[in-house]
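Note sheet for the following structure.
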Amino acid sequence: MFKAGKKTGLVFFPAFDWAIDPTHPEREERLLYTQDQVMEEGIFDINGIKEYKPDIVTLEDIRRVHFCVPDENTVTTKSHLISAGGATAIARAVMEKKVEKGFALVRPPGHHAMRITHGCRGFCHINIEAIMIEYIRQKYKIKKVAVVDTDCHHGDGTNDIYWHDPDTLFISIHQDGRTMYPGSGFPNELGGPNAKCTNLNIPLPPGTSSKGYLYILKNSILPALNDFKPEIIINSAGQDNHYTDPLTNMKFSAQGYALLTKLLKPDIAVLEGGYSIEGALPYVNLGIILAMAELDYSKVIEPDYNAEKLKQDVSVTDKIKKTSDIINKYWEQRHEITEKQAENHGKFAETHKEVFYDTDNIFERQKERIRICRDCAGVLEIDSSASTNPRISAIHIPFNACNTCIETGYKIFEKADLQKYKKVFLQDRPKDVYKIKEI
Amino acid sequence: MIIGLDVGGTHTDAVLLSDFKVKEKVKVTTDVSDLFTTIVSCLEKLLKDNKPEHIKRIVLSTTLTTNAIVQQNIEKIGIIVSAGPGIDPEFFRTHKDFYCVAGSIDHRGRQREPINENEIKQVGEKLKKNGIKNIGVIGKFCVKNPTHEILIKNILKNDFKKIFLGHNISGNLNFPRRISTTYLNALVYNVHKKFFNGVKKSLKEKGLKSPIKILKADGGTMSLESSMLFPSQSILSGPSASVIGSTIYAPENKDTLVLDIGGTTTDIAILVNKTPLLEPIGIKTGNYKTLIRSLKTYSIGIGGDSHVRVENNNIIIGPKRLGNAMAFNGPCPTPTDALVALGLMKHGNKEKALKAIKDIAEKLDMPQDKTAKKIFKQTCSTILKHAFNMVKTINKQPVYTVHEFLEGYQVNIKKILLLGGPAKYFTDEIQKISKIKTKAVKFSSVANAMGAGLARTTCSVSLLVDTEQGIATAFEENFAESVAKNYIKEDVLKTAYNLLKKKALKLGADIENMEFETTEFQEFNIVRNFSFKGKIFKTKVQIKPGLIKGYKDI
Ligand SMILES: [Zn+2]
Ligand SMILES: [Zn+2]
């Protein structure tokens, strides 16, 4: 009898009627062959696998994570709301123990969408994992969360959203930013002053094969997860590490993905990128589903799989070992580094950054101020101006904020000058409210 | 005149319809060990005062194939599957004589690994040695490219009497279900063939010369001849006979809940604008999940004769039936006893019914009339609870487009129709609890036979067009045709409807009863390296289940 070892829920939302534009990689056809494979395999008939209908997320759900500029309706379409709703629906099934594991096979993706979003970057408008995480934090009082982003591109959106949050361990493995969009995600990007070392960015050299992925998983990712002890593990399951992906240069396979899933044991996986829609996605998705459900996946092998061709170069192996050592060293020193940061308690740290929205061709400048706080994740103020939108100010009060940070957040909000900013936003996570000030 | 005959597990019902009217109706006890005699004796009763040459149409719904599967009184068959990458096909093993062979077709119908002729021959030898005469051959993605199945058939055609191919069984994707459907089909083939050839011969001798039709699980009919190729379609046609019968009385443009209350079970179905809802993929029977098109029905173990008892101070009803109600000399209390005790049902032995209720009342320490009311109410509310759960599940069915998500049809019940023997006694209570207009249908006890008699021929066609590869295919219909790059939606639908019409005529449909509808249409651009390479169209068209023309208002 073919019965799932772990009861697994699936949301399948291929958005067959939505595309960024007709010839864009993020198009209607993307999950067509995956659907055919999943249907032909009879996945939804397997004892212990259940298909769920996606939800549609609300304004409140988005506003726990994002500051959409000028507003949510301009930045999103219905398909984004349903894609994020696919993630929340599966999270609900897991949290309410209807299933033990969940996988949202949805599109469009979300991991390049940052806290402030003016439009589409890296095919993403809103961050579907972050919306899901804040939804379950709000509804089920979950605190410690780990996100492991295995998409081949740096999950810079999720990285940005959880940069200052010491209760979210964000780990991204991706093709080295010197050779790949978005060009970020180096080991020294460790998180803000209140959350140092809870962002681990692990670049892998082009040509990394299953051996390399599993090395970094066993030697850096699993030990960190083991130390961090999250209440829930989320996998941003991008599938563009595959050897047939047209946008990347890696040598990962369906068997590799399935084994990675088996070892990582995510509670929830959410599909991200992956654009080899015929050669990779049908097999990789199948492998991930079977691995999550603890079913046999030994025969899920691409028709053109060639072990010889997918061997990893010795130089690649060496580079990965070195990166792993660097990451582990940071991780071991995390307590010292955090304590050192706390010496500046009460002060504000200021950073500047520039964000380019490649898909929508928007250029944004941000000035970020975070209150260094030993009691919470710290109130955050972001001053943003984009080529398409007038200047705005956004204040984020984190979900576990201390009283001083809450008060400080409201003071900044009240004082913000509407001569200077077109709009001022306040995200008060402890109260779960969102305020907008404008003329 | 029309004859409709429905062989059920306990009773066989038959009607003779003449000019919109029920002229004769017959109910006999089913002899499970001799369905042939049951059918013939029913027909003899109907024809006692009627001339056989006036009968223009005969439709039979039987439990023959269903029973054959349950009893496993069938001969040995062999199954050969060719899978390629994916779930290990060993997990779908149906029985001992099941062989997995090399060969692989991918999700776009391209060959990725050829068939190994020697291996096939060896498997053929083993099956033959085992005394097997009929086999099924199923390939993964054969609905996109059946050449491997055909090749295997050609290699083995001289060694076996009958070879069933997966792609002829259904145009739908689902390899495990295709395996089990082909398996069931091969399994019941001989039983079905022998039985209906006998029926045909016997009817001919009685002067019944009109074509015989068989009712399918989807509530439509097929000709006796075409049923020989796909006998498993008649599995579980029982519930569909009643559901089609209920459509006679269903309102237009409204969603109707149909409750067929029997002795042991209640079957639940849903009609949208007089059309019953279909299972999205196919019927489930016993351990088998299949691709056999069927009506969406849900059966619960609660009916007029359900065993009523007290457990932990609660009334428990069903799921078993131990026999008749005590009011009809049965062994234990039942909801029917509650009806008789309350004076709602006039026949039956009231004294015995009261004794049955007393038994329960004492255990609950409750007055007798209150107990009877409670049993009856609980019967009704349990049925309704299951029915509305079914509606809820249907409304939660996954969808794959933004449009369907936002605009998808939501079932909203506005009317309840009751069928079955005890139906009329339930009307008021069901209406009271549900607050929905409820009616027991006229002739509720033979609505099943009427449904069989008046069911139209149904069928569906799946068409796939891939303009990059330049082909339109519907392999279930043995159709493949090359198409030009500029093929458009209208061309796709025209081709699909042509195929559907051809198929319907072959199944014995009349031109006047062909109401076509498109149940699925999807269109995709194939894009490689940012440039347009062609289109994929996927469509499903059907003749939906319903009544033949002229008999809309009996
Ligand atoms: Zn990616
Ligand atoms: Zn604080």
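Just so we're on the same page: first chain in the structure tokens is A, next is B, and so on; residues restart at 1 for each chain, and ligands are numbered from 1 in the order they show up.
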
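For chain A, the residues within 7 Å of chain B are Met1, Phe2, Phe13, Pro14, Ala15, Phe16, Asp17, Thr23, His24, Glu28, Glu29, Tyr33, Asp36, Gln37, Met39, Glu40, Glu41, Gly42, Tyr52, Lys53, Ser79, Tyr297, Lys299, Val300, Ile301, Glu302 and Pro303 of chain A, with only C-alpha atoms used to measure distance.
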
(request) Using only C-alpha atoms and all ligand atoms, find each protein or nucleic acid residue lying at most 12 Å from ligand 2; present the set as a count of residues only. (result) 34

(message) Please compute the atom CA of Gly191 of chain A-atom CA of Trp331 of chain A distance, one decimal, in Å.
(response) 12.0 Å

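Using only C-alpha atoms, the nearest neighbour of Asp358 of chain A within the list A:Lys3, A:Lys415, A:His112, A:Lys340 is A:His112.
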
(request) Give the residues close to ligand 1, within 9 Å, counting only C-alpha atoms and all ligand atoms; write them as a ChimeraX atom specification. (result) /A:109,111-112,122,150-155,174,181,238-241,247-248,272-275

How about saving the chosen residues, C-alpha atoms kept, as a PDB file, in the first residue's frame?
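Written output follows (out13.pdb):
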```pdb
ATOM      1  CA  PRO A 109       6.743  33.771  -6.358  1.00  0.00           C
ATOM      2  CA  HIS A 111      11.193  35.935  -2.137  1.00  0.00           C
ATOM      3  CA  HIS A 112      12.643  39.027  -3.838  1.00  0.00           C
ATOM      4  CA  GLY A 122      12.913  39.511  -9.590  1.00  0.00           C
ATOM      5  CA  THR A 150      17.007  27.046  -1.433  1.00  0.00           C
ATOM      6  CA  ASP A 151      16.187  29.051  -4.550  1.00  0.00           C
ATOM      7  CA  CYS A 152      19.234  29.602  -6.754  1.00  0.00           C
ATOM      8  CA  HIS A 153      18.854  33.365  -6.418  1.00  0.00           C
ATOM      9  CA  HIS A 154      19.593  35.130  -3.169  1.00  0.00           C
ATOM     10  CA  GLY A 155      16.283  35.522  -1.281  1.00  0.00           C
ATOM     11  CA  HIS A 174      22.219  30.551  -3.763  1.00  0.00           C
ATOM     12  CA  TYR A 181      20.964  38.210  -9.936  1.00  0.00           C
ATOM     13  CA  GLY A 238      13.010  27.449  -5.546  1.00  0.00           C
ATOM     14  CA  GLN A 239      13.855  24.916  -8.213  1.00  0.00           C
ATOM     15  CA  ASP A 240      16.267  26.856 -10.342  1.00  0.00           C
ATOM     16  CA  ASN A 241      19.363  25.045  -9.030  1.00  0.00           C
ATOM     17  CA  LEU A 247      18.703  31.254 -15.860  1.00  0.00           C
ATOM     18  CA  THR A 248      21.341  29.662 -13.626  1.00  0.00           C
ATOM     19  CA  GLU A 272       9.702  29.977  -5.437  1.00  0.00           C
ATOM     20  CA  GLY A 273      11.570  30.198  -8.755  1.00  0.00           C
ATOM     21  CA  GLY A 274      12.464  27.526 -11.280  1.00  0.00           C
ATOM     22  CA  TYR A 275      12.150  28.109 -14.986  1.00  0.00           C
TER      23      TYR A 275
END
```

(message) I'd like to know which residues of segment 294-377 of chain A are alpha helix (DSSP H) (by DSSP, run on the backbone); could you write them as a count of residues only?
(response) 28

(request) One decimal, Å: what's the distance from atom CA of Leu214 of chain A over to atom CA of Leu259 of chain A, could you say? (result) 8.3 Å

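When atom CA of Met222 of chain B is paired with atom CA of Lys506 of chain B, their separation reads 8.8 Å.
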
(message) Set the distance at 8 Å and use only C-alpha atoms: which residues neighbour segment 13-18 of chain B once local chain neighbours fewer than 3 positions away are removed? I'd like the list as a VMD selection string.
(response) chain B and resid 1 to 8 21 to 28 42 to 43 46 446 448 to 450 453

For the residues selected in the previous step, produce a file with N, CA and C atoms as a PDB file, in the first residue's frame.
```pdb
ATOM      1  N   MET B   1     -43.325   3.056 -26.578  1.00  0.00           N
ATOM      2  CA  MET B   1     -43.226   2.793 -25.144  1.00  0.00           C
ATOM      3  C   MET B   1     -41.786   2.474 -24.757  1.00  0.00           C
ATOM      4  N   ILE B   2     -41.480   2.766 -23.517  1.00  0.00           N
ATOM      5  CA  ILE B   2     -40.113   2.631 -23.025  1.00  0.00           C
ATOM      6  C   ILE B   2     -40.099   1.726 -21.798  1.00  0.00           C
ATOM      7  N   ILE B   3     -39.092   0.888 -21.717  1.00  0.00           N
ATOM      8  CA  ILE B   3     -38.907   0.101 -20.502  1.00  0.00           C
ATOM      9  C   ILE B   3     -37.640   0.557 -19.796  1.00  0.00           C
ATOM     10  N   GLY B   4     -37.763   0.846 -18.495  1.00  0.00           N
ATOM     11  CA  GLY B   4     -36.598   1.130 -17.670  1.00  0.00           C
ATOM     12  C   GLY B   4     -36.543   0.105 -16.562  1.00  0.00           C
ATOM     13  N   LEU B   5     -35.372  -0.469 -16.357  1.00  0.00           N
ATOM     14  CA  LEU B   5     -35.269  -1.543 -15.367  1.00  0.00           C
ATOM     15  C   LEU B   5     -34.005  -1.342 -14.544  1.00  0.00           C
ATOM     16  N   ASP B   6     -34.167  -1.343 -13.226  1.00  0.00           N
ATOM     17  CA  ASP B   6     -33.011  -1.120 -12.350  1.00  0.00           C
ATOM     18  C   ASP B   6     -32.894  -2.263 -11.354  1.00  0.00           C
ATOM     19  N   VAL B   7     -31.832  -3.038 -11.511  1.00  0.00           N
ATOM     20  CA  VAL B   7     -31.579  -4.134 -10.577  1.00  0.00           C
ATOM     21  C   VAL B   7     -30.815  -3.554  -9.387  1.00  0.00           C
ATOM     22  N   GLY B   8     -31.427  -3.607  -8.215  1.00  0.00           N
ATOM     23  CA  GLY B   8     -30.745  -3.118  -7.018  1.00  0.00           C
ATOM     24  C   GLY B   8     -30.277  -4.276  -6.161  1.00  0.00           C
ATOM     25  N   LYS B  21     -46.526   8.803 -19.396  1.00  0.00           N
ATOM     26  CA  LYS B  21     -47.188   8.244 -18.220  1.00  0.00           C
ATOM     27  C   LYS B  21     -46.574   6.909 -17.816  1.00  0.00           C
ATOM     28  N   VAL B  22     -46.594   6.662 -16.494  1.00  0.00           N
ATOM     29  CA  VAL B  22     -46.175   5.348 -16.018  1.00  0.00           C
ATOM     30  C   VAL B  22     -47.344   4.400 -16.249  1.00  0.00           C
ATOM     31  N   LYS B  23     -47.175   3.484 -17.165  1.00  0.00           N
ATOM     32  CA  LYS B  23     -48.281   2.575 -17.513  1.00  0.00           C
ATOM     33  C   LYS B  23     -48.257   1.345 -16.607  1.00  0.00           C
ATOM     34  N   GLU B  24     -47.064   0.813 -16.412  1.00  0.00           N
ATOM     35  CA  GLU B  24     -46.931  -0.350 -15.530  1.00  0.00           C
ATOM     36  C   GLU B  24     -45.737  -0.130 -14.625  1.00  0.00           C
ATOM     37  N   LYS B  25     -45.834  -0.630 -13.390  1.00  0.00           N
ATOM     38  CA  LYS B  25     -44.626  -0.672 -12.577  1.00  0.00           C
ATOM     39  C   LYS B  25     -44.551  -1.999 -11.829  1.00  0.00           C
ATOM     40  N   VAL B  26     -43.338  -2.477 -11.692  1.00  0.00           N
ATOM     41  CA  VAL B  26     -43.116  -3.796 -11.102  1.00  0.00           C
ATOM     42  C   VAL B  26     -41.982  -3.698 -10.100  1.00  0.00           C
ATOM     43  N   LYS B  27     -42.149  -4.371  -8.989  1.00  0.00           N
ATOM     44  CA  LYS B  27     -41.069  -4.432  -7.996  1.00  0.00           C
ATOM     45  C   LYS B  27     -40.930  -5.883  -7.580  1.00  0.00           C
ATOM     46  N   VAL B  28     -39.748  -6.443  -7.753  1.00  0.00           N
ATOM     47  CA  VAL B  28     -39.530  -7.827  -7.304  1.00  0.00           C
ATOM     48  C   VAL B  28     -38.258  -7.888  -6.465  1.00  0.00           C
ATOM     49  N   CYS B  42     -39.156  -9.884 -14.532  1.00  0.00           N
ATOM     50  CA  CYS B  42     -39.634  -8.501 -14.462  1.00  0.00           C
ATOM     51  C   CYS B  42     -40.232  -8.087 -15.807  1.00  0.00           C
ATOM     52  N   LEU B  43     -39.499  -8.382 -16.856  1.00  0.00           N
ATOM     53  CA  LEU B  43     -39.946  -7.988 -18.193  1.00  0.00           C
ATOM     54  C   LEU B  43     -41.235  -8.718 -18.568  1.00  0.00           C
ATOM     55  N   LEU B  46     -44.111  -6.933 -17.022  1.00  0.00           N
ATOM     56  CA  LEU B  46     -44.419  -5.672 -17.696  1.00  0.00           C
ATOM     57  C   LEU B  46     -45.159  -5.912 -18.997  1.00  0.00           C
ATOM     58  N   VAL B 446     -40.231   4.022  -7.628  1.00  0.00           N
ATOM     59  CA  VAL B 446     -39.705   3.507  -8.894  1.00  0.00           C
ATOM     60  C   VAL B 446     -38.994   4.592  -9.714  1.00  0.00           C
ATOM     61  N   ASN B 448     -36.046   5.293  -9.759  1.00  0.00           N
ATOM     62  CA  ASN B 448     -34.819   4.716 -10.309  1.00  0.00           C
ATOM     63  C   ASN B 448     -35.073   4.077 -11.673  1.00  0.00           C
ATOM     64  N   ALA B 449     -36.126   3.281 -11.770  1.00  0.00           N
ATOM     65  CA  ALA B 449     -36.426   2.623 -13.040  1.00  0.00           C
ATOM     66  C   ALA B 449     -36.813   3.649 -14.104  1.00  0.00           C
ATOM     67  N   MET B 450     -37.534   4.682 -13.675  1.00  0.00           N
ATOM     68  CA  MET B 450     -37.882   5.744 -14.613  1.00  0.00           C
ATOM     69  C   MET B 450     -36.626   6.463 -15.093  1.00  0.00           C
ATOM     70  N   GLY B 453     -34.953   4.414 -17.668  1.00  0.00           N
ATOM     71  CA  GLY B 453     -35.697   4.418 -18.924  1.00  0.00           C
ATOM     72  C   GLY B 453     -35.545   5.689 -19.721  1.00  0.00           C
TER      73      GLY B 453
END
```

(request) Mind listing the strand (DSSP E) residues of segment 271-411 of chain A, per DSSP on the backbone, as JSON, numbers by chain? (result) {"A": [271, 348, 349, 350, 351, 352, 353, 354, 355, 356, 357, 362, 363, 364, 365, 366, 367, 368, 369, 370, 371, 380, 381, 382, 383, 384, 385, 386, 392, 393, 394, 395, 396, 397]}

File of the preceding selection, N, CA and C atoms, as a short mmCIF file (atom, residue, chain, number, x, y, z; two decimals), in the first residue's frame:
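Dumped everything to part-v1.cif:
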```cif
data_model
loop_
_atom_site.label_atom_id
_atom_site.label_comp_id
_atom_site.auth_asym_id
_atom_site.auth_seq_id
_atom_site.Cartn_x
_atom_site.Cartn_y
_atom_site.Cartn_z
N LEU A 271 6.83 27.01 -3.04
CA LEU A 271 7.55 27.07 -4.31
C LEU A 271 8.01 28.50 -4.56
N PHE A 348 20.56 54.88 17.73
CA PHE A 348 20.05 54.52 16.41
C PHE A 348 21.21 54.23 15.46
N ALA A 349 21.07 53.18 14.68
CA ALA A 349 22.05 52.89 13.64
C ALA A 349 21.43 53.22 12.31
N GLU A 350 22.18 53.88 11.45
CA GLU A 350 21.62 54.34 10.19
C GLU A 350 22.34 53.70 9.02
N THR A 351 21.59 53.24 8.04
CA THR A 351 22.21 52.70 6.81
C THR A 351 21.48 53.26 5.60
N HIS A 352 22.18 53.25 4.50
CA HIS A 352 21.58 53.71 3.24
C HIS A 352 21.64 52.56 2.25
N LYS A 353 20.62 52.44 1.43
CA LYS A 353 20.74 51.45 0.36
C LYS A 353 19.92 51.83 -0.86
N GLU A 354 20.31 51.21 -1.94
CA GLU A 354 19.61 51.46 -3.20
C GLU A 354 19.02 50.14 -3.68
N VAL A 355 17.78 50.20 -4.09
CA VAL A 355 17.11 48.98 -4.54
C VAL A 355 16.67 49.18 -5.99
N PHE A 356 17.00 48.19 -6.82
CA PHE A 356 16.58 48.26 -8.21
C PHE A 356 15.52 47.19 -8.47
N TYR A 357 14.40 47.63 -9.03
CA TYR A 357 13.31 46.71 -9.38
C TYR A 357 13.49 46.37 -10.85
N ILE A 362 12.23 50.15 -11.72
CA ILE A 362 12.07 51.21 -10.72
C ILE A 362 13.37 51.32 -9.94
N PHE A 363 13.76 52.55 -9.63
CA PHE A 363 14.95 52.75 -8.82
C PHE A 363 14.53 53.39 -7.50
N GLU A 364 14.99 52.78 -6.39
CA GLU A 364 14.56 53.27 -5.08
C GLU A 364 15.77 53.54 -4.19
N ARG A 365 15.70 54.64 -3.41
CA ARG A 365 16.72 54.93 -2.39
C ARG A 365 16.08 54.81 -1.02
N GLN A 366 16.78 54.14 -0.13
CA GLN A 366 16.26 53.98 1.23
C GLN A 366 17.27 54.48 2.25
N LYS A 367 16.75 55.16 3.29
CA LYS A 367 17.55 55.43 4.48
C LYS A 367 16.86 54.72 5.63
N GLU A 368 17.63 53.89 6.33
CA GLU A 368 17.03 53.03 7.35
C GLU A 368 17.60 53.40 8.71
N ARG A 369 16.75 53.57 9.70
CA ARG A 369 17.23 53.82 11.07
C ARG A 369 16.62 52.76 11.98
N ILE A 370 17.51 52.08 12.71
CA ILE A 370 17.02 51.05 13.64
C ILE A 370 17.46 51.43 15.05
N ARG A 371 16.53 51.30 16.00
CA ARG A 371 16.91 51.58 17.39
C ARG A 371 17.59 50.33 17.93
N LEU A 380 11.94 50.33 13.74
CA LEU A 380 12.66 50.57 12.49
C LEU A 380 11.97 51.69 11.71
N GLU A 381 12.76 52.62 11.21
CA GLU A 381 12.19 53.71 10.41
C GLU A 381 12.86 53.67 9.04
N ILE A 382 12.06 53.68 7.99
CA ILE A 382 12.62 53.65 6.64
C ILE A 382 12.10 54.86 5.87
N ASP A 383 13.03 55.55 5.27
CA ASP A 383 12.72 56.72 4.44
C ASP A 383 12.98 56.27 3.02
N SER A 384 11.94 56.29 2.18
CA SER A 384 12.11 55.72 0.83
C SER A 384 11.62 56.66 -0.25
N SER A 385 12.44 56.83 -1.27
CA SER A 385 11.95 57.52 -2.46
C SER A 385 12.30 56.71 -3.69
N ALA A 386 11.31 56.57 -4.56
CA ALA A 386 11.49 55.74 -5.74
C ALA A 386 11.24 56.57 -6.99
N ILE A 392 8.30 58.61 0.90
CA ILE A 392 7.44 58.17 2.00
C ILE A 392 8.29 57.82 3.21
N SER A 393 7.63 57.74 4.36
CA SER A 393 8.32 57.26 5.56
C SER A 393 7.52 56.09 6.12
N ALA A 394 8.24 55.06 6.56
CA ALA A 394 7.56 53.87 7.06
C ALA A 394 8.18 53.47 8.39
N ILE A 395 7.31 53.25 9.39
CA ILE A 395 7.80 52.89 10.72
C ILE A 395 7.27 51.50 11.06
N HIS A 396 8.21 50.60 11.39
CA HIS A 396 7.84 49.23 11.73
C HIS A 396 8.12 48.97 13.21
N ILE A 397 7.08 48.62 13.96
CA ILE A 397 7.26 48.22 15.36
C ILE A 397 7.16 46.70 15.41
#
```

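When the distance limit is 8 Å and only C-alpha atoms are what count, the residues near Arg456 of chain B, minus those fewer than 5 positions from it on the same chain, are B:Gly220, B:Thr221, B:Ala509, B:Asn513, B:Pro545, B:Gly546, B:Leu547, B:Ile548.
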
N, CA and C atoms of the current selection, written as a PDB file, in the first residue's frame:
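And here is the file that came out, result.pdb:
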```pdb
ATOM      1  N   GLY B 220     -25.754   8.194 -17.841  1.00  0.00           N
ATOM      2  CA  GLY B 220     -26.082   8.149 -19.260  1.00  0.00           C
ATOM      3  C   GLY B 220     -26.169   6.710 -19.721  1.00  0.00           C
ATOM      4  N   THR B 221     -26.592   6.547 -20.953  1.00  0.00           N
ATOM      5  CA  THR B 221     -26.688   5.191 -21.478  1.00  0.00           C
ATOM      6  C   THR B 221     -25.620   4.939 -22.532  1.00  0.00           C
ATOM      7  N   ALA B 509     -26.680   7.278 -29.443  1.00  0.00           N
ATOM      8  CA  ALA B 509     -27.447   8.491 -29.160  1.00  0.00           C
ATOM      9  C   ALA B 509     -28.279   8.889 -30.369  1.00  0.00           C
ATOM     10  N   ASN B 513     -30.963  14.367 -29.046  1.00  0.00           N
ATOM     11  CA  ASN B 513     -30.575  14.417 -27.635  1.00  0.00           C
ATOM     12  C   ASN B 513     -29.119  14.801 -27.416  1.00  0.00           C
ATOM     13  N   PRO B 545     -25.273  14.406 -18.501  1.00  0.00           N
ATOM     14  CA  PRO B 545     -26.360  13.503 -18.157  1.00  0.00           C
ATOM     15  C   PRO B 545     -27.683  14.251 -18.035  1.00  0.00           C
ATOM     16  N   GLY B 546     -28.749  13.589 -18.384  1.00  0.00           N
ATOM     17  CA  GLY B 546     -30.067  14.188 -18.287  1.00  0.00           C
ATOM     18  C   GLY B 546     -31.085  13.291 -18.964  1.00  0.00           C
ATOM     19  N   LEU B 547     -32.266  13.870 -19.237  1.00  0.00           N
ATOM     20  CA  LEU B 547     -33.359  13.071 -19.794  1.00  0.00           C
ATOM     21  C   LEU B 547     -33.411  13.199 -21.303  1.00  0.00           C
ATOM     22  N   ILE B 548     -33.944  12.165 -21.954  1.00  0.00           N
ATOM     23  CA  ILE B 548     -34.160  12.285 -23.389  1.00  0.00           C
ATOM     24  C   ILE B 548     -35.281  13.281 -23.623  1.00  0.00           C
TER      25      ILE B 548
END
```

(request) Using only C-alpha atoms, determine which residues lie at most 7 Å from Pro335 of chain B, disregarding the query and same-chain residues fewer than 5 positions distant; provide the list as an MDAnalysis selection string. (result) chainID B and resid 304:306 375:376 379

(request) Can you pull out every residue within 6 Å of Thr30 of chain B, counting only C-alpha atoms, but drop anything in the same chain fewer than 3 positions away, and send it as a PyMOL selection string? (result) chain B and resi 10-12

Any chance you can output those residues with all heavy atoms as a CSV table (one decimal), in the first residue's frame?
```csv
chain,number,residue,atom,x,y,z
B,10,THR,N,-31.3,-5.2,-3.2
B,10,THR,CA,-32.4,-5.9,-2.6
B,10,THR,C,-33.6,-6.1,-3.5
B,10,THR,O,-34.2,-7.2,-3.7
B,10,THR,CB,-32.9,-5.2,-1.3
B,10,THR,OG1,-32.3,-4.0,-1.2
B,10,THR,CG2,-32.5,-6.0,-0.1
B,11,HIS,N,-34.0,-5.0,-4.2
B,11,HIS,CA,-35.1,-5.0,-5.1
B,11,HIS,C,-34.8,-4.7,-6.5
B,11,HIS,O,-33.8,-4.0,-6.8
B,11,HIS,CB,-36.2,-3.9,-4.6
B,11,HIS,CG,-36.8,-4.3,-3.4
B,11,HIS,ND1,-36.7,-3.5,-2.2
B,11,HIS,CD2,-37.6,-5.3,-3.0
B,11,HIS,CE1,-37.3,-4.1,-1.2
B,11,HIS,NE2,-37.9,-5.2,-1.7
B,12,THR,N,-35.6,-5.2,-7.4
B,12,THR,CA,-35.5,-4.8,-8.8
B,12,THR,C,-36.7,-4.1,-9.2
B,12,THR,O,-37.8,-4.6,-8.9
B,12,THR,CB,-35.2,-6.1,-9.7
B,12,THR,OG1,-34.0,-6.6,-9.4
B,12,THR,CG2,-35.3,-5.7,-11.2
```
